[in-house]
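The file work-v6.pdb comes next; it holds PDB, C-alpha atoms.
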```
ATOM      1  CA  MET A  35     159.960 -53.479 -79.958
ATOM      2  CA  LYS A  36     157.014 -52.539 -77.742
ATOM      3  CA  LEU A  37     155.981 -56.209 -77.521
ATOM      4  CA  SER A  38     159.464 -57.296 -76.442
ATOM      5  CA  LYS A  39     159.603 -54.540 -73.812
ATOM      6  CA  GLY A  40     156.173 -55.552 -72.535
ATOM      7  CA  LEU A  41     157.196 -59.206 -72.312
ATOM      8  CA  GLY A  42     160.412 -58.181 -70.614
ATOM      9  CA  ALA A  43     158.510 -56.194 -67.997
ATOM     10  CA  ILE A  44     156.117 -59.114 -67.369
ATOM     11  CA  CYS A  45     158.994 -61.596 -67.053
ATOM     12  CA  THR A  46     160.832 -59.269 -64.650
ATOM     13  CA  VAL A  47     157.786 -58.868 -62.424
ATOM     14  CA  LEU A  48     157.037 -62.613 -62.426
ATOM     15  CA  PHE A  49     160.655 -63.518 -61.657
ATOM     16  CA  ILE A  50     160.813 -61.139 -58.683
ATOM     17  CA  LEU A  51     157.410 -62.241 -57.348
ATOM     18  CA  ILE A  52     158.178 -65.963 -57.614
ATOM     19  CA  ALA A  53     161.657 -65.667 -56.090
ATOM     20  CA  ASP A  54     160.340 -63.426 -53.302
ATOM     21  CA  GLN A  55     157.509 -65.760 -52.377
ATOM     22  CA  ILE A  56     159.656 -68.911 -52.543
ATOM     23  CA  PHE A  57     162.100 -67.394 -50.046
ATOM     24  CA  LYS A  58     159.356 -66.087 -47.766
ATOM     25  CA  ILE A  59     157.370 -69.336 -47.695
ATOM     26  CA  TRP A  60     160.529 -71.363 -47.008
ATOM     27  CA  ILE A  61     161.586 -69.035 -44.192
ATOM     28  CA  LYS A  62     158.095 -68.998 -42.689
ATOM     29  CA  THR A  63     157.759 -72.807 -42.700
ATOM     30  CA  HIS A  64     161.333 -73.668 -41.666
ATOM     31  CA  MET A  65     162.368 -71.000 -39.146
ATOM     32  CA  THR A  66     161.051 -69.298 -36.028
ATOM     33  CA  ILE A  67     161.108 -65.593 -35.158
ATOM     34  CA  GLY A  68     164.649 -64.408 -34.433
ATOM     35  CA  GLU A  69     166.323 -67.613 -35.625
ATOM     36  CA  ASP A  70     169.586 -67.202 -37.546
ATOM     37  CA  ILE A  71     171.181 -69.262 -40.301
ATOM     38  CA  PRO A  72     174.711 -67.899 -40.849
ATOM     39  CA  ILE A  73     175.823 -68.027 -44.475
ATOM     40  CA  THR A  74     179.025 -66.056 -43.881
ATOM     41  CA  SER A  75     180.226 -63.790 -41.070
ATOM     42  CA  TRP A  76     178.587 -60.842 -42.864
ATOM     43  CA  PHE A  77     175.549 -62.533 -44.440
ATOM     44  CA  ILE A  78     172.899 -64.093 -42.215
ATOM     45  CA  LEU A  79     169.391 -65.353 -42.792
ATOM     46  CA  ARG A  80     167.424 -63.955 -39.843
ATOM     47  CA  PHE A  81     163.675 -64.438 -39.713
ATOM     48  CA  VAL A  82     161.700 -61.387 -38.641
ATOM     49  CA  GLU A  83     158.200 -60.128 -39.408
ATOM     50  CA  ASN A  84     156.910 -56.587 -39.543
ATOM     51  CA  ASN A  85     153.617 -54.749 -39.981
ATOM     52  CA  GLY A  86     155.072 -51.781 -41.739
ATOM     53  CA  MET A  87     156.897 -50.627 -44.818
ATOM     54  CA  ALA A  88     160.306 -51.568 -46.200
ATOM     55  CA  MET A  89     163.066 -52.237 -43.632
ATOM     56  CA  GLY A  90     160.467 -52.613 -40.869
ATOM     57  CA  ILE A  91     159.519 -48.920 -40.761
ATOM     58  CA  GLU A  92     156.024 -48.399 -39.315
ATOM     59  CA  VAL A  93     154.306 -45.088 -40.022
ATOM     60  CA  MET A  94     150.637 -45.916 -40.722
ATOM     61  CA  GLY A  95     147.881 -48.269 -39.613
ATOM     62  CA  LYS A  96     147.960 -51.759 -41.104
ATOM     63  CA  ILE A  97     144.716 -51.550 -43.129
ATOM     64  CA  PHE A  98     145.532 -48.074 -44.419
ATOM     65  CA  LEU A  99     149.047 -49.140 -45.383
ATOM     66  CA  THR A 100     147.830 -52.223 -47.271
ATOM     67  CA  ILE A 101     145.143 -50.277 -49.152
ATOM     68  CA  PHE A 102     147.686 -47.554 -49.954
ATOM     69  CA  ARG A 103     150.042 -50.192 -51.370
ATOM     70  CA  ILE A 104     147.287 -51.657 -53.549
ATOM     71  CA  VAL A 105     146.206 -48.269 -54.907
ATOM     72  CA  ALA A 106     149.824 -47.284 -55.539
ATOM     73  CA  SER A 107     150.444 -50.576 -57.349
ATOM     74  CA  PHE A 108     147.531 -49.990 -59.723
ATOM     75  CA  ALA A 109     148.933 -46.521 -60.438
ATOM     76  CA  ILE A 110     152.344 -48.040 -61.187
ATOM     77  CA  ILE A 111     150.757 -50.644 -63.499
ATOM     78  CA  TYR A 112     149.090 -47.869 -65.496
ATOM     79  CA  TYR A 113     152.299 -45.844 -65.559
ATOM     80  CA  LEU A 114     154.245 -48.881 -66.731
ATOM     81  CA  TYR A 115     151.683 -49.533 -69.465
ATOM     82  CA  MET A 116     152.037 -45.951 -70.697
ATOM     83  CA  LEU A 117     155.838 -46.225 -70.735
ATOM     84  CA  ILE A 118     155.669 -49.340 -72.893
ATOM     85  CA  LYS A 119     153.028 -47.812 -75.173
ATOM     86  CA  ARG A 120     155.167 -44.707 -75.681
ATOM     87  CA  ASN A 121     158.239 -46.869 -76.309
ATOM     88  CA  TYR A 122     160.488 -45.626 -73.491
ATOM     89  CA  GLN A 123     163.978 -47.030 -73.186
ATOM     90  CA  TRP A 124     164.174 -50.508 -71.738
ATOM     91  CA  MET A 125     166.308 -49.712 -68.667
ATOM     92  CA  TYR A 126     163.800 -47.130 -67.484
ATOM     93  CA  ILE A 127     160.942 -49.610 -67.948
ATOM     94  CA  LEU A 128     163.006 -52.200 -66.055
ATOM     95  CA  CYS A 129     163.417 -49.845 -63.081
ATOM     96  CA  VAL A 130     159.673 -49.215 -62.876
ATOM     97  CA  SER A 131     159.032 -52.965 -63.241
ATOM     98  CA  LEU A 132     161.332 -53.639 -60.264
ATOM     99  CA  ILE A 133     159.463 -51.099 -58.133
ATOM    100  CA  PHE A 134     156.086 -52.596 -59.037
ATOM    101  CA  ALA A 135     157.264 -56.184 -58.469
ATOM    102  CA  GLY A 136     158.599 -55.296 -55.027
ATOM    103  CA  ALA A 137     155.411 -53.510 -54.018
ATOM    104  CA  ALA A 138     153.296 -56.424 -55.235
ATOM    105  CA  GLY A 139     155.477 -58.925 -53.356
ATOM    106  CA  ASN A 140     154.880 -57.243 -49.997
ATOM    107  CA  ILE A 141     151.184 -56.770 -50.789
ATOM    108  CA  ILE A 142     150.848 -60.553 -51.080
ATOM    109  CA  ASP A 143     152.184 -60.921 -47.525
ATOM    110  CA  SER A 144     149.909 -58.217 -46.150
ATOM    111  CA  VAL A 145     146.746 -59.490 -47.817
ATOM    112  CA  PHE A 146     147.113 -63.285 -47.623
ATOM    113  CA  TYR A 147     149.658 -64.407 -45.024
ATOM    114  CA  GLY A 148     147.377 -63.793 -42.055
ATOM    115  CA  VAL A 149     144.880 -66.372 -43.311
ATOM    116  CA  ILE A 150     147.167 -69.007 -44.854
ATOM    117  CA  PHE A 151     149.851 -69.327 -42.146
ATOM    118  CA  SER A 152     149.754 -70.182 -38.461
ATOM    119  CA  ASP A 153     151.611 -67.825 -36.156
ATOM    120  CA  SER A 154     155.398 -68.103 -35.972
ATOM    121  CA  PRO A 155     156.719 -68.577 -32.422
ATOM    122  CA  VAL A 156     159.763 -66.764 -31.065
ATOM    123  CA  HIS A 157     162.962 -68.775 -31.353
ATOM    124  CA  TYR A 158     164.530 -70.116 -28.157
ATOM    125  CA  ALA A 159     168.014 -71.604 -28.295
ATOM    126  CA  ASN A 160     168.433 -75.235 -27.185
ATOM    127  CA  LEU A 161     164.671 -75.775 -27.157
ATOM    128  CA  PRO A 162     162.466 -77.489 -29.755
ATOM    129  CA  ASN A 163     160.885 -74.863 -31.969
ATOM    130  CA  GLN A 164     157.990 -75.542 -34.335
ATOM    131  CA  PRO A 165     157.853 -73.278 -37.411
ATOM    132  CA  ALA A 166     154.576 -71.969 -38.778
ATOM    133  CA  ALA A 167     152.344 -74.248 -40.847
ATOM    134  CA  ILE A 168     150.813 -73.296 -44.174
ATOM    135  CA  PHE A 169     147.029 -73.718 -44.458
ATOM    136  CA  PRO A 170     146.638 -74.918 -40.829
ATOM    137  CA  PRO A 171     143.327 -76.685 -40.035
ATOM    138  CA  GLU A 172     142.588 -74.212 -37.242
ATOM    139  CA  GLY A 173     143.005 -71.245 -39.551
ATOM    140  CA  GLY A 174     145.633 -68.536 -39.881
ATOM    141  CA  TYR A 175     147.079 -66.200 -37.302
ATOM    142  CA  GLY A 176     145.118 -63.186 -38.551
ATOM    143  CA  THR A 177     142.539 -61.973 -41.029
ATOM    144  CA  TRP A 178     142.585 -60.681 -44.581
ATOM    145  CA  PHE A 179     144.747 -57.559 -44.999
ATOM    146  CA  HIS A 180     146.404 -58.131 -41.626
ATOM    147  CA  GLY A 181     149.308 -60.343 -42.671
ATOM    148  CA  LYS A 182     152.858 -59.610 -41.554
ATOM    149  CA  VAL A 183     155.648 -59.081 -44.079
ATOM    150  CA  VAL A 184     158.423 -61.684 -43.883
ATOM    151  CA  ASP A 185     162.024 -60.429 -43.913
ATOM    152  CA  MET A 186     165.188 -62.495 -43.852
ATOM    153  CA  PHE A 187     168.331 -60.927 -45.360
ATOM    154  CA  TYR A 188     170.723 -59.463 -42.775
ATOM    155  CA  PHE A 189     174.125 -58.038 -43.752
ATOM    156  CA  PRO A 190     176.087 -56.961 -40.630
ATOM    157  CA  LEU A 191     179.102 -55.956 -42.713
ATOM    158  CA  PHE A 192     180.912 -54.465 -39.734
ATOM    159  CA  LYS A 193     180.201 -53.333 -36.184
ATOM    160  CA  PHE A 194     181.838 -51.284 -33.458
ATOM    161  CA  ASN A 195     181.029 -49.534 -30.178
ATOM    162  CA  TRP A 196     180.734 -45.753 -30.098
ATOM    163  CA  PRO A 197     183.226 -44.032 -27.729
ATOM    164  CA  SER A 198     181.734 -43.541 -24.282
ATOM    165  CA  TRP A 199     182.274 -39.772 -24.438
ATOM    166  CA  MET A 200     179.920 -39.321 -27.408
ATOM    167  CA  PRO A 201     176.503 -37.846 -26.485
ATOM    168  CA  PHE A 202     173.349 -39.974 -26.947
ATOM    169  CA  VAL A 203     175.117 -42.999 -28.501
ATOM    170  CA  GLY A 204     178.205 -43.329 -26.282
ATOM    171  CA  GLY A 205     178.989 -46.954 -25.479
ATOM    172  CA  GLU A 206     176.288 -48.315 -27.793
ATOM    173  CA  GLU A 207     176.981 -50.780 -30.565
ATOM    174  CA  PHE A 208     176.746 -49.649 -34.178
ATOM    175  CA  VAL A 209     176.016 -52.229 -36.866
ATOM    176  CA  PHE A 210     176.283 -51.603 -40.597
ATOM    177  CA  PHE A 211     174.027 -52.735 -42.270
ATOM    178  CA  GLN A 212     171.468 -53.338 -39.487
ATOM    179  CA  TYR A 213     168.249 -53.482 -41.513
ATOM    180  CA  ILE A 214     166.685 -56.832 -42.356
ATOM    181  CA  PHE A 215     164.894 -56.993 -45.688
ATOM    182  CA  ASN A 216     163.477 -59.313 -48.360
ATOM    183  CA  ILE A 217     163.733 -59.631 -52.141
ATOM    184  CA  ALA A 218     160.726 -57.333 -52.629
ATOM    185  CA  ASP A 219     162.374 -54.592 -50.538
ATOM    186  CA  ALA A 220     165.615 -54.969 -52.486
ATOM    187  CA  SER A 221     163.727 -54.776 -55.789
ATOM    188  CA  ILE A 222     162.030 -51.521 -54.763
ATOM    189  CA  SER A 223     165.285 -50.017 -53.486
ATOM    190  CA  ILE A 224     167.267 -50.914 -56.614
ATOM    191  CA  GLY A 225     164.548 -49.504 -58.857
ATOM    192  CA  ILE A 226     164.210 -46.233 -56.943
ATOM    193  CA  ILE A 227     167.954 -45.651 -56.475
ATOM    194  CA  THR A 228     168.618 -46.281 -60.174
ATOM    195  CA  LEU A 229     165.848 -43.848 -61.151
ATOM    196  CA  ILE A 230     167.245 -41.161 -58.861
ATOM    197  CA  LEU A 231     170.833 -41.605 -60.057
ATOM    198  CA  PHE A 232     170.274 -41.961 -63.791
ATOM    199  CA  TYR A 233     166.704 -41.170 -64.824
ATOM    200  CA  ARG A 234     165.466 -38.076 -63.003
ATOM    201  CA  LYS A 235     165.030 -36.161 -66.259
ATOM    202  CA  THR A 236     163.351 -39.150 -67.887
ATOM    203  CA  PHE A 237     160.951 -39.403 -64.967
ATOM    204  CA  SER A 238     159.965 -35.744 -65.324
ATOM    205  CA  ALA A 239     159.632 -36.051 -69.092
ATOM    206  CA  SER A 240     157.471 -39.172 -68.773
ATOM    207  CA  PHE A 241     154.533 -37.034 -67.633
ATOM    208  CA  GLU A 242     154.657 -35.032 -70.845
ATOM    209  CA  LYS A 243     152.523 -36.301 -73.715
ATOM    210  CA  LYS A 244     155.197 -37.142 -76.186
ATOM    211  CA  LYS A 245     156.560 -40.398 -77.529
ATOM    212  CA  ILE A 246     160.098 -41.380 -76.665
ATOM    213  CA  GLU A 247     161.742 -43.580 -79.262
ATOM    214  CA  ASN A 248     164.617 -45.807 -78.231
TER     215      ASN A 248
END
```
Kindly return the structure encoded in the file as structure tokens.
Amino acid sequence: MKLSKGLGAICTVLFILIADQIFKIWIKTHMTIGEDIPITSWFILRFVENNGMAMGIEVMGKIFLTIFRIVASFAIIYYLYMLIKRNYQWMYILCVSLIFAGAAGNIIDSVFYGVIFSDSPVHYANLPNQPAAIFPPEGGYGTWFHGKVVDMFYFPLFKFNWPSWMPFVGGEEFVFFQYIFNIADASISIGIITLILFYRKTFSASFEKKKIEN
């Protein structure tokens, strides 16, 4: 049982990492910054890059953020190992695996993308636009640990303009859902939300030294 859970966790992490990187590399080498590929009226591939955390939030310096991600990922690996060793239920292990896979996916961008990709130009309509190249002869757009995270999924499910009489936001457009994210971000969000909704007690109990049989 422990072996199957361990293999399941490894397969989950590898699947998320491979899918995440395939999408990011394709977007980076086929699109320019701000370019859109409409899939439906509410689902658009929009290429953006960011230096910060999930959903483009920026709260810390780039080097500090990347190192923090790496340290946190090692902590999650150890935690995941302990969960498997103590035979926790599979769905809880899956949630933690999703969180780790998402963190690792964005770490790859931050650590490597600056040295393996050329810079992506801003998209201009009706003009020829050259996407970034992978392993360009002249070198990448940055240095190690200074890569930008590639995002592409945009779901503007609906939009409207706030009434003009409303303070602060009157007359401005509201878009739901306005954040642009990638597979790694989605993996982290799904894992965390599921833990909060269904496994808060399990999370607390996981720091107690007792074996949980499934």
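Put simply, CA of Lys36 in chain A is 21.5 Å away from CA of Ser107 in chain A.
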For Tyr188 in chain A, please output as a list in words all residues within 6 Å (counting only C-alpha atoms; exclusion window: fewer than 4 positions along the same chain).
-> Phe77, Ile78 and Ile214 of chain A
With all atoms listed in the file as the basis for distance, which of A:Tyr175, A:Trp124, A:Phe192, A:Phe237 is at the shortest distance from Lys39 in chain A?
-> A:Trp124
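Using only C-alpha atoms, the shortest contact distance between Arg103 in chain A and any of A:Ile150, A:Ile71, A:Leu117, A:Ile141 is found at A:Ile141.
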Distance query Ala135 in chain A at most 10 Å, only C-alpha atoms, self and fewer than 6 positions along chain excluded, as a ChimeraX atom specification | /A:43-44,46-52,54,107,110-111,129,141,217-219,221-222,225
Which of these residues is nearest to Phe189 in chain A, using only C-alpha atoms: A:Trp76, A:Phe134, A:Phe202, A:Tyr147?
-> A:Trp76
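CA of Pro165 in chain A is found 8.6 Å from CA of Ile67 in chain A.
As for CA of Pro162 in chain A and CA of Thr66 in chain A, they are spaced 10.4 Å apart.
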Close residues, Leu229 in chain A itself excluded, 10 Å, only C-alpha atoms, min 5 positions apart in chain, as a list in words = Met125, Tyr126, Cys129, Val130, Ser223, Ile224, Arg234, Lys235, Thr236 and Phe237 of chain A
Residue among A:Leu37, A:Ala239, A:Val209, A:Ile168 lying closest to His64 in chain A, counting only C-alpha atoms =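 The shortest atom-to-atom distance to His64 in chain A comes from A:Ile168.
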Using all atoms listed in the file, find the one residue out of A:Phe169, A:Phe211, A:Thr177, A:Tyr113 that sits nearest to Ile133 in chain A.
-> A:Tyr113
Please check which residues have atoms at most 7 Å from (150.2, -65.4, -38.6) in the file's coordinates, counting all atoms listed in the file, and write them as a ChimeraX atom specification.
-> /A:147-148,151-154,174-176,181
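Using all atoms listed in the file, the protein and nucleic acid residues lying no more than 9 Å from Glu69 in chain A, apart from those fewer than 4 places from it along its own chain, are Met65, Leu79, Arg80, Phe81, Val82, Val156, His157, Tyr158 and Ala159 of chain A.
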Selected residue, from A:Ile142, A:Asn85, A:Tyr213, A:Ser198, that lies nearest to Phe98 in chain A when counting only C-alpha atoms |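 When distances to Phe98 in chain A are compared using only C-alpha atoms, the smallest one comes from A:Asn85.
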At a cut-off of 9 Å from (174.9, -52.1, -32.3) in the coordinates of the file, what residues are picked up using all atoms listed in the file, written as a JSON list (two decimals) with C-alpha atoms, keeping the file's coordinate frame?
```json
[["chain", "number", "residue", "atom", "x", "y", "z"],
["A", 193, "LYS", "CA", 180.20, -53.33, -36.18],
["A", 194, "PHE", "CA", 181.84, -51.28, -33.46],
["A", 195, "ASN", "CA", 181.03, -49.53, -30.18],
["A", 196, "TRP", "CA", 180.73, -45.75, -30.10],
["A", 206, "GLU", "CA", 176.29, -48.32, -27.79],
["A", 207, "GLU", "CA", 176.98, -50.78, -30.56],
["A", 208, "PHE", "CA", 176.75, -49.65, -34.18],
["A", 209, "VAL", "CA", 176.02, -52.23, -36.87],
["A", 210, "PHE", "CA", 176.28, -51.60, -40.60],
["A", 212, "GLN", "CA", 171.47, -53.34, -39.49]]
```
Kindly compute an axis-aligned box around the listed atoms of range 133-146 of chain A, allowing 8 Å on each side, and express its centre and edge lengths in Å to one decimal as JSON.
```
{"center_x": 153.1, "center_y": -57.2, "center_z": -52.6, "size_x": 28.7, "size_y": 28.2, "size_z": 28.9}
```
